[in-house]
$ cat input.pdb   # PDB, C-alpha atoms
MODEL        1
ATOM      1  CA  MET N   1     -10.164 -12.990  14.936
ATOM      2  CA  THR N   2     -10.683 -13.618  11.210
ATOM      3  CA  ASP N   3      -7.509 -14.183   9.192
ATOM      4  CA  LEU N   4      -5.608 -11.372   7.534
ATOM      5  CA  ILE N   5      -5.766 -11.838   3.748
ATOM      6  CA  LEU N   6      -3.469  -9.716   1.579
ATOM      7  CA  HIS N   7      -4.312  -9.371  -2.109
ATOM      8  CA  HIS N   8      -1.027  -8.407  -3.785
ATOM      9  CA  TYR N   9       1.622  -9.324  -6.330
ATOM     10  CA  PRO N  10       5.348  -9.876  -5.702
ATOM     11  CA  MET N  11       6.789  -6.777  -7.412
ATOM     12  CA  SER N  12       4.306  -4.294  -5.881
ATOM     13  CA  PRO N  13       6.188  -1.736  -3.721
ATOM     14  CA  TYR N  14       3.282  -0.796  -1.444
ATOM     15  CA  SER N  15       2.566  -4.493  -0.978
ATOM     16  CA  GLU N  16       6.173  -4.912   0.147
ATOM     17  CA  LYS N  17       5.578  -2.202   2.740
ATOM     18  CA  ILE N  18       2.702  -4.196   4.238
ATOM     19  CA  ARG N  19       4.497  -7.561   3.882
ATOM     20  CA  ALA N  20       7.467  -6.135   5.793
ATOM     21  CA  ILE N  21       5.192  -4.765   8.538
ATOM     22  CA  LEU N  22       3.540  -8.184   8.851
ATOM     23  CA  GLY N  23       7.054  -9.591   9.215
ATOM     24  CA  TYR N  24       8.044  -7.101  11.897
ATOM     25  CA  LYS N  25       4.897  -7.871  13.865
ATOM     26  CA  GLY N  26       5.431 -11.626  13.397
ATOM     27  CA  LEU N  27       1.933 -12.186  12.011
ATOM     28  CA  ALA N  28       0.426 -15.120  10.132
ATOM     29  CA  TRP N  29      -1.506 -14.094   7.031
ATOM     30  CA  ARG N  30      -3.032 -15.519   3.881
ATOM     31  CA  SER N  31      -1.697 -14.490   0.495
ATOM     32  CA  VAL N  32      -3.732 -14.070  -2.688
ATOM     33  CA  GLU N  33      -1.642 -13.193  -5.737
ATOM     34  CA  ILE N  34      -3.517 -10.842  -8.068
ATOM     35  CA  PRO N  35      -2.741  -9.733 -11.644
ATOM     36  CA  VAL N  36      -0.226  -6.928 -12.091
ATOM     37  CA  VAL N  37      -2.602  -5.040 -14.398
ATOM     38  CA  ALA N  38      -6.371  -4.743 -14.826
ATOM     39  CA  PRO N  39      -8.710  -6.521 -15.197
ATOM     40  CA  LYS N  40      -8.778  -8.199 -11.788
ATOM     41  CA  PRO N  41     -12.069 -10.097 -11.885
ATOM     42  CA  ASP N  42     -11.584 -11.970  -8.609
ATOM     43  CA  LEU N  43     -10.702  -8.825  -6.636
ATOM     44  CA  VAL N  44     -13.447  -6.511  -7.906
ATOM     45  CA  PRO N  45     -16.200  -8.376  -5.969
ATOM     46  CA  LEU N  46     -14.389  -7.359  -2.783
ATOM     47  CA  SER N  47     -12.903  -3.979  -3.703
ATOM     48  CA  GLY N  48     -15.655  -2.616  -5.925
ATOM     49  CA  GLY N  49     -13.193  -1.692  -8.661
ATOM     50  CA  TYR N  50     -10.423   0.031  -6.658
ATOM     51  CA  ARG N  51      -7.309   0.026  -8.849
ATOM     52  CA  LYS N  52      -4.346   0.243  -6.466
ATOM     53  CA  THR N  53      -2.419  -2.589  -4.818
ATOM     54  CA  PRO N  54      -2.496  -4.029  -2.185
ATOM     55  CA  VAL N  55      -5.944  -4.703  -0.724
ATOM     56  CA  LEU N  56      -6.259  -6.140   2.781
ATOM     57  CA  GLN N  57      -9.236  -8.337   3.666
ATOM     58  CA  ILE N  58     -10.385  -9.365   7.120
ATOM     59  CA  GLY N  59     -13.498 -11.466   6.672
ATOM     60  CA  ARG N  60     -16.152  -9.160   5.225
ATOM     61  CA  ASP N  61     -14.062  -6.022   5.759
ATOM     62  CA  VAL N  62     -11.964  -4.783   2.843
ATOM     63  CA  ILE N  63      -9.291  -2.172   3.581
ATOM     64  CA  LEU N  64      -7.964   0.119   0.857
ATOM     65  CA  ASP N  65      -4.676   2.068   0.936
ATOM     66  CA  SER N  66      -1.598   1.065   2.897
ATOM     67  CA  ALA N  67      -1.905   4.065   5.262
ATOM     68  CA  LEU N  68      -5.205   2.762   6.622
ATOM     69  CA  MET N  69      -3.805  -0.779   6.740
ATOM     70  CA  VAL N  70      -0.995   0.505   8.985
ATOM     71  CA  ARG N  71      -3.495   2.163  11.306
ATOM     72  CA  LEU N  72      -5.615  -0.989  11.468
ATOM     73  CA  LEU N  73      -2.672  -3.339  12.089
ATOM     74  CA  GLU N  74      -1.501  -1.067  14.911
ATOM     75  CA  ARG N  75      -4.988  -1.245  16.418
ATOM     76  CA  LEU N  76      -5.345  -5.014  16.131
ATOM     77  CA  HIS N  77      -1.711  -5.950  16.836
ATOM     78  CA  PRO N  78      -0.162  -3.084  18.841
ATOM     79  CA  SER N  79       3.103  -4.832  19.726
ATOM     80  CA  PRO N  80       5.721  -4.167  18.532
ATOM     81  CA  ALA N  81       4.589  -0.618  17.881
ATOM     82  CA  LEU N  82       5.101   1.023  14.511
ATOM     83  CA  ILE N  83       4.345   4.497  15.858
ATOM     84  CA  PRO N  84       5.789   4.928  19.378
ATOM     85  CA  GLU N  85       4.182   7.834  21.225
ATOM     86  CA  ALA N  86       7.507   9.639  21.635
ATOM     87  CA  GLN N  87       8.097   9.503  17.865
ATOM     88  CA  ARG N  88       4.552  10.034  16.591
ATOM     89  CA  MET N  89       5.165  13.365  14.851
ATOM     90  CA  SER N  90       8.386  12.121  13.271
ATOM     91  CA  CYS N  91       6.556   9.075  11.894
ATOM     92  CA  LEU N  92       3.789  11.266  10.493
ATOM     93  CA  ALA N  93       6.372  13.489   8.814
ATOM     94  CA  TYR N  94       8.023  10.496   7.140
ATOM     95  CA  ALA N  95       4.609   9.197   6.045
ATOM     96  CA  GLY N  96       3.923  12.570   4.434
ATOM     97  CA  TYR N  97       7.117  12.174   2.383
ATOM     98  CA  GLU N  98       6.328   8.611   1.279
ATOM     99  CA  GLN N  99       4.786   9.341  -2.131
ATOM    100  CA  THR N 100       7.585  11.757  -3.047
ATOM    101  CA  LEU N 101      10.174   9.068  -2.353
ATOM    102  CA  PHE N 102       8.106   6.415  -4.133
ATOM    103  CA  PHE N 103       7.706   8.516  -7.291
ATOM    104  CA  GLY N 104      11.457   9.124  -7.207
ATOM    105  CA  ALA N 105      12.019   5.359  -7.029
ATOM    106  CA  VAL N 106       9.689   4.820 -10.008
ATOM    107  CA  ALA N 107      11.668   7.400 -11.993
ATOM    108  CA  THR N 108      14.866   5.569 -11.060
ATOM    109  CA  VAL N 109      13.568   2.158 -12.142
ATOM    110  CA  PHE N 110      12.481   3.672 -15.466
ATOM    111  CA  GLN N 111      15.985   4.903 -16.266
ATOM    112  CA  PRO N 112      17.306   3.141 -19.411
ATOM    113  CA  ASP N 113      19.150   0.358 -17.554
ATOM    114  CA  GLY N 114      16.189  -0.234 -15.237
ATOM    115  CA  LEU N 115      13.764  -0.332 -18.129
ATOM    116  CA  LYS N 116      15.896  -2.934 -19.903
ATOM    117  CA  ALA N 117      15.858  -5.085 -16.760
ATOM    118  CA  MET N 118      12.063  -4.778 -16.490
ATOM    119  CA  ILE N 119      11.586  -5.812 -20.113
ATOM    120  CA  ALA N 120      13.901  -8.785 -19.575
ATOM    121  CA  ARG N 121      11.873  -9.801 -16.516
ATOM    122  CA  LEU N 122       8.363  -9.272 -17.891
ATOM    123  CA  GLY N 123       8.869  -9.778 -21.613
ATOM    124  CA  PRO N 124       8.086  -7.122 -24.269
ATOM    125  CA  GLU N 125       4.369  -7.925 -24.536
ATOM    126  CA  GLN N 126       3.649  -7.876 -20.804
ATOM    127  CA  MET N 127       5.804  -4.760 -20.415
ATOM    128  CA  GLN N 128       3.706  -3.006 -23.044
ATOM    129  CA  GLY N 129       0.525  -3.936 -21.168
ATOM    130  CA  PHE N 130       2.083  -2.780 -17.886
ATOM    131  CA  SER N 131       3.024   0.598 -19.360
ATOM    132  CA  LYS N 132      -0.472   1.117 -20.819
ATOM    133  CA  ASP N 133      -2.119   0.176 -17.512
ATOM    134  CA  ARG N 134       0.039   2.622 -15.559
ATOM    135  CA  GLN N 135      -0.700   5.404 -18.013
ATOM    136  CA  GLU N 136      -4.422   4.854 -17.434
ATOM    137  CA  LEU N 137      -3.820   4.715 -13.683
ATOM    138  CA  PHE N 138      -2.791   8.386 -13.711
ATOM    139  CA  SER N 139      -5.886   9.534 -15.582
ATOM    140  CA  GLY N 140      -8.215  11.925 -13.768
ATOM    141  CA  GLY N 141      -6.279  12.455 -10.526
ATOM    142  CA  SER N 142      -4.084  15.168  -9.052
ATOM    143  CA  ALA N 143      -0.827  13.200  -9.475
ATOM    144  CA  ARG N 144       1.147  12.973 -12.708
ATOM    145  CA  ARG N 145       3.289  10.102 -13.936
ATOM    146  CA  PRO N 146       6.769  10.472 -12.424
ATOM    147  CA  SER N 147       9.108  12.213 -14.839
ATOM    148  CA  PRO N 148      12.648  10.809 -15.393
ATOM    149  CA  GLU N 149      14.391  13.773 -13.728
ATOM    150  CA  LEU N 150      12.910  12.799 -10.341
ATOM    151  CA  TYR N 151      15.704  10.233 -10.192
ATOM    152  CA  LYS N 152      18.204  13.063  -9.699
ATOM    153  CA  THR N 153      16.032  15.663  -7.977
ATOM    154  CA  GLN N 154      14.158  13.435  -5.492
ATOM    155  CA  PHE N 155      15.445   9.895  -5.188
ATOM    156  CA  LEU N 156      19.245  10.270  -5.052
ATOM    157  CA  PRO N 157      19.171  13.193  -2.567
ATOM    158  CA  ALA N 158      16.810  11.245  -0.308
ATOM    159  CA  ALA N 159      18.904   8.070  -0.496
ATOM    160  CA  ASN N 160      22.037  10.005   0.422
ATOM    161  CA  ALA N 161      20.237  11.726   3.304
ATOM    162  CA  MET N 162      19.072   8.352   4.622
ATOM    163  CA  ASN N 163      22.613   7.001   4.319
ATOM    164  CA  ALA N 164      23.964   9.896   6.396
ATOM    165  CA  GLN N 165      21.255   9.526   9.054
ATOM    166  CA  LEU N 166      21.939   5.792   9.380
ATOM    167  CA  ALA N 167      25.635   6.295  10.100
ATOM    168  CA  ASP N 168      25.149   6.075  13.881
ATOM    169  CA  ARG N 169      21.952   4.030  14.260
ATOM    170  CA  ASP N 170      20.373   0.803  13.076
ATOM    171  CA  PHE N 171      17.065   2.345  11.976
ATOM    172  CA  LEU N 172      15.981   5.802  10.921
ATOM    173  CA  LEU N 173      14.691   6.925  14.304
ATOM    174  CA  GLY N 174      16.830   4.795  16.601
ATOM    175  CA  ASP N 175      17.451   1.209  17.652
ATOM    176  CA  ALA N 176      14.132  -0.293  16.504
ATOM    177  CA  PRO N 177      12.074  -0.024  13.295
ATOM    178  CA  THR N 178       9.199   2.439  13.183
ATOM    179  CA  LEU N 179       6.759   3.536  10.489
ATOM    180  CA  ALA N 180       9.540   5.838   9.245
ATOM    181  CA  ASP N 181      11.546   2.802   8.155
ATOM    182  CA  PHE N 182       8.665   1.071   6.402
ATOM    183  CA  VAL N 183       7.558   4.083   4.350
ATOM    184  CA  CYS N 184      11.159   4.452   3.167
ATOM    185  CA  TRP N 185      11.768   0.729   2.789
ATOM    186  CA  HIS N 186       9.542  -0.052  -0.163
ATOM    187  CA  PRO N 187      11.003   2.618  -2.523
ATOM    188  CA  ILE N 188      14.543   1.449  -1.703
ATOM    189  CA  TRP N 189      13.432  -2.183  -2.108
ATOM    190  CA  PHE N 190      11.834  -1.377  -5.498
ATOM    191  CA  VAL N 191      15.116   0.010  -6.819
ATOM    192  CA  ARG N 192      17.240  -2.765  -5.309
ATOM    193  CA  GLU N 193      14.972  -5.434  -6.857
ATOM    194  CA  ASN N 194      15.765  -4.098 -10.344
ATOM    195  CA  ALA N 195      19.095  -5.501 -11.550
ATOM    196  CA  GLY N 196      19.611  -2.590 -13.935
ATOM    197  CA  VAL N 197      19.604   0.176 -11.314
ATOM    198  CA  ALA N 198      20.328  -1.681  -8.050
ATOM    199  CA  PRO N 199      24.081  -0.882  -8.280
ATOM    200  CA  LEU N 200      23.319   2.856  -8.017
ATOM    201  CA  LEU N 201      22.777   2.473  -4.272
ATOM    202  CA  ALA N 202      25.670   0.072  -3.589
ATOM    203  CA  PRO N 203      28.154   2.821  -2.551
ATOM    204  CA  LEU N 204      25.830   3.977   0.262
ATOM    205  CA  ARG N 205      27.152   1.535   2.837
ATOM    206  CA  HIS N 206      25.014   2.652   5.808
ATOM    207  CA  LEU N 207      21.880   2.434   3.674
ATOM    208  CA  MET N 208      22.925  -1.016   2.429
ATOM    209  CA  ALA N 209      23.442  -2.239   5.993
ATOM    210  CA  TRP N 210      19.963  -0.937   6.855
ATOM    211  CA  GLU N 211      18.614  -2.754   3.796
ATOM    212  CA  GLN N 212      19.934  -6.041   5.174
ATOM    213  CA  ARG N 213      18.381  -5.362   8.573
ATOM    214  CA  MET N 214      15.028  -4.580   6.939
ATOM    215  CA  ARG N 215      15.145  -7.734   4.797
ATOM    216  CA  ALA N 216      15.926  -9.772   7.900
ATOM    217  CA  LEU N 217      12.524  -8.769   9.357
ATOM    218  CA  GLY N 218      10.971 -11.116   6.799
ATOM    219  CA  HIS N 219       7.317 -11.264   5.819
ATOM    220  CA  GLY N 220       5.822 -13.062   8.812
ATOM    221  CA  TYR N 221       4.027 -16.348   8.131
ATOM    222  CA  PRO N 222       2.165 -16.242   4.797
ATOM    223  CA  THR N 223       0.047 -19.092   3.433
ATOM    224  CA  ALA N 224      -0.917 -18.979  -0.236
ATOM    225  CA  ILE N 225      -4.628 -19.357  -0.999
ATOM    226  CA  GLY N 226      -6.765 -18.959  -4.107
ATOM    227  CA  ALA N 227      -9.159 -16.118  -4.833
ATOM    228  CA  GLU N 228     -12.191 -18.365  -4.322
ATOM    229  CA  THR N 229     -11.053 -19.165  -0.780
ATOM    230  CA  ALA N 230     -10.823 -15.433  -0.049
ATOM    231  CA  LEU N 231     -14.318 -14.871  -1.443
ATOM    232  CA  GLU N 232     -15.653 -17.729   0.681
ATOM    233  CA  SER N 233     -14.021 -16.113   3.728
ATOM    234  CA  SER N 234     -16.010 -12.965   2.952
ATOM    235  CA  ARG N 235     -19.305 -14.799   2.463
ATOM    236  CA  SER N 236     -18.961 -16.872   5.628
ATOM    237  CA  ALA N 237     -17.622 -14.228   8.050
ATOM    238  CA  GLY N 238     -20.005 -13.561  10.900
ATOM    239  CA  SER N 239     -18.899 -10.157  12.167
ATOM    240  CA  TYR N 240     -17.358  -6.857  11.122
ATOM    241  CA  LEU N 241     -14.525  -4.680  12.375
ATOM    242  CA  GLU N 242     -15.346  -1.839  14.730
ATOM    243  CA  PHE N 243     -15.413   1.606  13.115
ATOM    244  CA  ASP N 244     -12.295   3.739  13.588
ATOM    245  CA  GLY N 245     -13.275   6.994  15.301
ATOM    246  CA  PRO N 246     -16.628   8.708  15.981
ATOM    247  CA  LEU N 247     -19.003   9.704  13.181
ATOM    248  CA  GLN N 248     -17.919  13.018  11.664
ATOM    249  CA  GLU N 249     -19.172  13.769   8.133
ATOM    250  CA  PRO N 250     -18.372  17.374   7.154
ATOM    251  CA  ASN N 251     -19.611  17.007   3.558
ATOM    252  CA  GLY N 252     -23.284  16.855   4.543
ATOM    253  CA  LEU N 253     -23.769  13.241   3.460
ATOM    254  CA  LYS N 254     -26.038  10.998   5.497
ATOM    255  CA  VAL N 255     -25.506   7.434   6.690
ATOM    256  CA  GLY N 256     -27.405   5.103   4.355
ATOM    257  CA  GLU N 257     -26.982   7.379   1.332
ATOM    258  CA  GLN N 258     -25.667   5.906  -1.926
ATOM    259  CA  VAL N 259     -22.211   7.394  -2.521
ATOM    260  CA  GLN N 260     -19.106   7.114  -4.685
ATOM    261  CA  LEU N 261     -15.641   6.901  -3.139
ATOM    262  CA  ARG N 262     -12.534   7.841  -5.151
ATOM    263  CA  ALA N 263      -8.814   8.259  -4.549
ATOM    264  CA  THR N 264      -7.799  11.823  -5.348
ATOM    265  CA  ASP N 265      -4.221  11.330  -6.584
ATOM    266  CA  TYR N 266      -4.227   8.386  -9.013
ATOM    267  CA  GLY N 267      -6.168   5.173  -9.498
ATOM    268  CA  CYS N 268      -9.359   7.236  -9.260
ATOM    269  CA  GLU N 269     -11.957   4.688 -10.405
ATOM    270  CA  PRO N 270     -15.064   5.026  -8.207
ATOM    271  CA  VAL N 271     -16.217   2.515  -5.612
ATOM    272  CA  GLU N 272     -19.959   2.763  -5.051
ATOM    273  CA  GLY N 273     -21.967   1.733  -2.016
ATOM    274  CA  LEU N 274     -24.039   2.858   0.958
ATOM    275  CA  LEU N 275     -22.315   5.217   3.368
ATOM    276  CA  LEU N 276     -22.054   3.454   6.732
ATOM    277  CA  HIS N 277     -19.517   5.579   8.583
ATOM    278  CA  ALA N 278     -17.257   8.585   8.111
ATOM    279  CA  SER N 279     -14.772   9.707  10.756
ATOM    280  CA  ALA N 280     -11.614  11.780  10.748
ATOM    281  CA  TYR N 281      -9.753   8.570   9.920
ATOM    282  CA  GLU N 282     -11.869   6.443   7.598
ATOM    283  CA  ILE N 283     -14.827   6.249   5.244
ATOM    284  CA  VAL N 284     -16.789   2.987   5.240
ATOM    285  CA  LEU N 285     -19.155   1.851   2.498
ATOM    286  CA  GLN N 286     -21.426  -1.189   2.424
ATOM    287  CA  ARG N 287     -21.550  -3.123  -0.823
ATOM    288  CA  GLN N 288     -23.406  -6.227  -1.981
ATOM    289  CA  ASP N 289     -21.861  -8.608  -4.503
ATOM    290  CA  PRO N 290     -23.055 -12.026  -5.749
ATOM    291  CA  ARG N 291     -19.614 -13.596  -5.218
ATOM    292  CA  ALA N 292     -18.406 -11.825  -2.069
ATOM    293  CA  GLY N 293     -21.717 -11.285  -0.290
ATOM    294  CA  GLU N 294     -22.178  -8.205   1.868
ATOM    295  CA  VAL N 295     -18.877  -6.408   2.387
ATOM    296  CA  ARG N 296     -17.687  -3.225   4.049
ATOM    297  CA  VAL N 297     -15.054  -1.227   2.161
ATOM    298  CA  HIS N 298     -12.827   0.986   4.312
ATOM    299  CA  ALA N 299     -10.723   3.842   2.894
ATOM    300  CA  PRO N 300      -8.684   6.502   4.693
ATOM    301  CA  ARG N 301     -10.193   9.978   4.926
ATOM    302  CA  GLN N 302      -6.965  11.576   3.699
ATOM    303  CA  GLY N 303      -6.419  11.093  -0.027
ATOM    304  CA  PHE N 304      -9.997  10.098  -0.820
ATOM    305  CA  THR N 305     -13.195  11.954  -1.637
ATOM    306  CA  VAL N 306     -16.788  10.808  -1.192
ATOM    307  CA  ASN N 307     -19.800  12.240  -2.989
ATOM    308  CA  ALA N 308     -23.447  11.382  -3.485
ATOM    309  CA  ALA N 309     -23.777   8.840  -6.295
TER     310      ALA N 309
ENDMDL
END
$ encode --input "input.pdb" --output "structure tokens"
Amino acid sequence: MTDLILHHYPMSPYSEKIRAILGYKGLAWRSVEIPVVAPKPDLVPLSGGYRKTPVLQIGRDVILDSALMVRLLERLHPSPALIPEAQRMSCLAYAGYEQTLFFGAVATVFQPDGLKAMIARLGPEQMQGFSKDRQELFSGGSARRPSPELYKTQFLPAANAMNAQLADRDFLLGDAPTLADFVCWHPIWFVRENAGVAPLLAPLRHLMAWEQRMRALGHGYPTAIGAETALESSRSAGSYLEFDGPLQEPNGLKVGEQVQLRATDYGCEPVEGLLLHASAYEIVLQRQDPRAGEVRVHAPRQGFTVNAA
């Protein structure tokens, strides 16, 4: 099987979700560090201009959105399972709450003490660029930039609920990690990585013990590579991933038609290509790029829209 290549940057919360899952599954992977803000000239040949982080590459296949990455990693590396059959609905319910918890974590990090810590870490100039980039990220989608009050109305209540649930168990649904833990992990990690607001969670002792157990899972076995190596992996790959699910295109589009794919919430820049497949689980486009060669871009059905170009 072609290597897993994760395009990410260290402080990206959704990247931490995938890094932690790679750790839990004990997988070797190749790491390409990308810029925190646009432009990302070495990633666009693969992603077609998709704005969010991370992006997972397997040869000529490029996977967008961490939800689809989870589904793919479960398919390719089923053990240990992230979504045990007996807990499938519970995992789906937690996944449905993920963005709410994440936006609450963002609001927490942007409290005055957290903002000071970010400026100290990035520097005033880079922080200004970061803020401008994130403002643009929320242009044109259904989501709005998290408001400061989400710290009190969403994040703290959720953190306290998690603390209570972890009083008699090691992980949220029992003795072993599941998807429930990983969708909650990255928002908690994001807050704990910020020196200005990390102390807010310190009194929640069950949550802090869970944090240590989650950190102990590690990140698997990453090897750093450059962007050119990743592009060469795309150009030289000899096969593609199998499609996920039977063809089912309710929008009346036809395979081979030129289409535009967009996220619906935020980071809504279009990715254009030929429609290859559309199932209940994924949309797949074929793109051609001088640097990456012929690639297939996969996005989840939920949270994305596809229209004729």
$ atom_distance --input "input.pdb" --atom1 "atom CA of Asp113 of chain N" --atom2 "atom CA of Tyr94 of chain N"
28.9 Å
$ resolve_selection --input "input.pdb" --expression "the PyMOL selection byres ((chain N and resi 181) around 12)" --output "JSON, numbers by chain"
{"N": [17, 18, 20, 21, 24, 82, 83, 90, 91, 92, 93, 94, 95, 97, 98, 162, 165, 166, 170, 171, 172, 173, 174, 175, 176, 177, 178, 179, 180, 182, 183, 184, 185, 186, 187, 188, 189, 207, 210, 211, 213, 214, 215, 217]}
$ atom_distance --input "input.pdb" --atom1 "atom CA of Leu68 of chain N" --atom2 "atom CA of His7 of chain N"
15.0 Å
$ atom_distance --input "input.pdb" --atom1 "atom CA of Ser12 of chain N" --atom2 "atom CA of Lys52 of chain N"
9.8 Å
$ axis_aligned_box --input "input.pdb" --around "segment 73-85 of chain N" --padding-each-side "5 Å" --output "lines of an AutoDock Vina configuration file"
center_x = 0.2
center_y = 0.9
center_z = 16.7
size_x = 21.1
size_y = 23.8
size_z = 19.1
$ closest_residue --input "input.pdb" --among "N:Gln128, N:Ser31, N:Ser279, N:Thr2" --to "Gly226 of chain N" --atoms "all atoms listed in the file"
N:Ser31
$ closest_residue --input "input.pdb" --among "N:Ser131, N:Ser239, N:Thr223, N:Ser79" --to "Ile5 of chain N" --atoms "all atoms listed in the file"
N:Thr223
$ resolve_selection --input "input.pdb" --expression "the PyMOL selection byres ((chain N and resi 233) around 9)" --output "VMD selection string"
chain N and resid 2 to 3 58 to 60 228 to 232 234 to 237 292
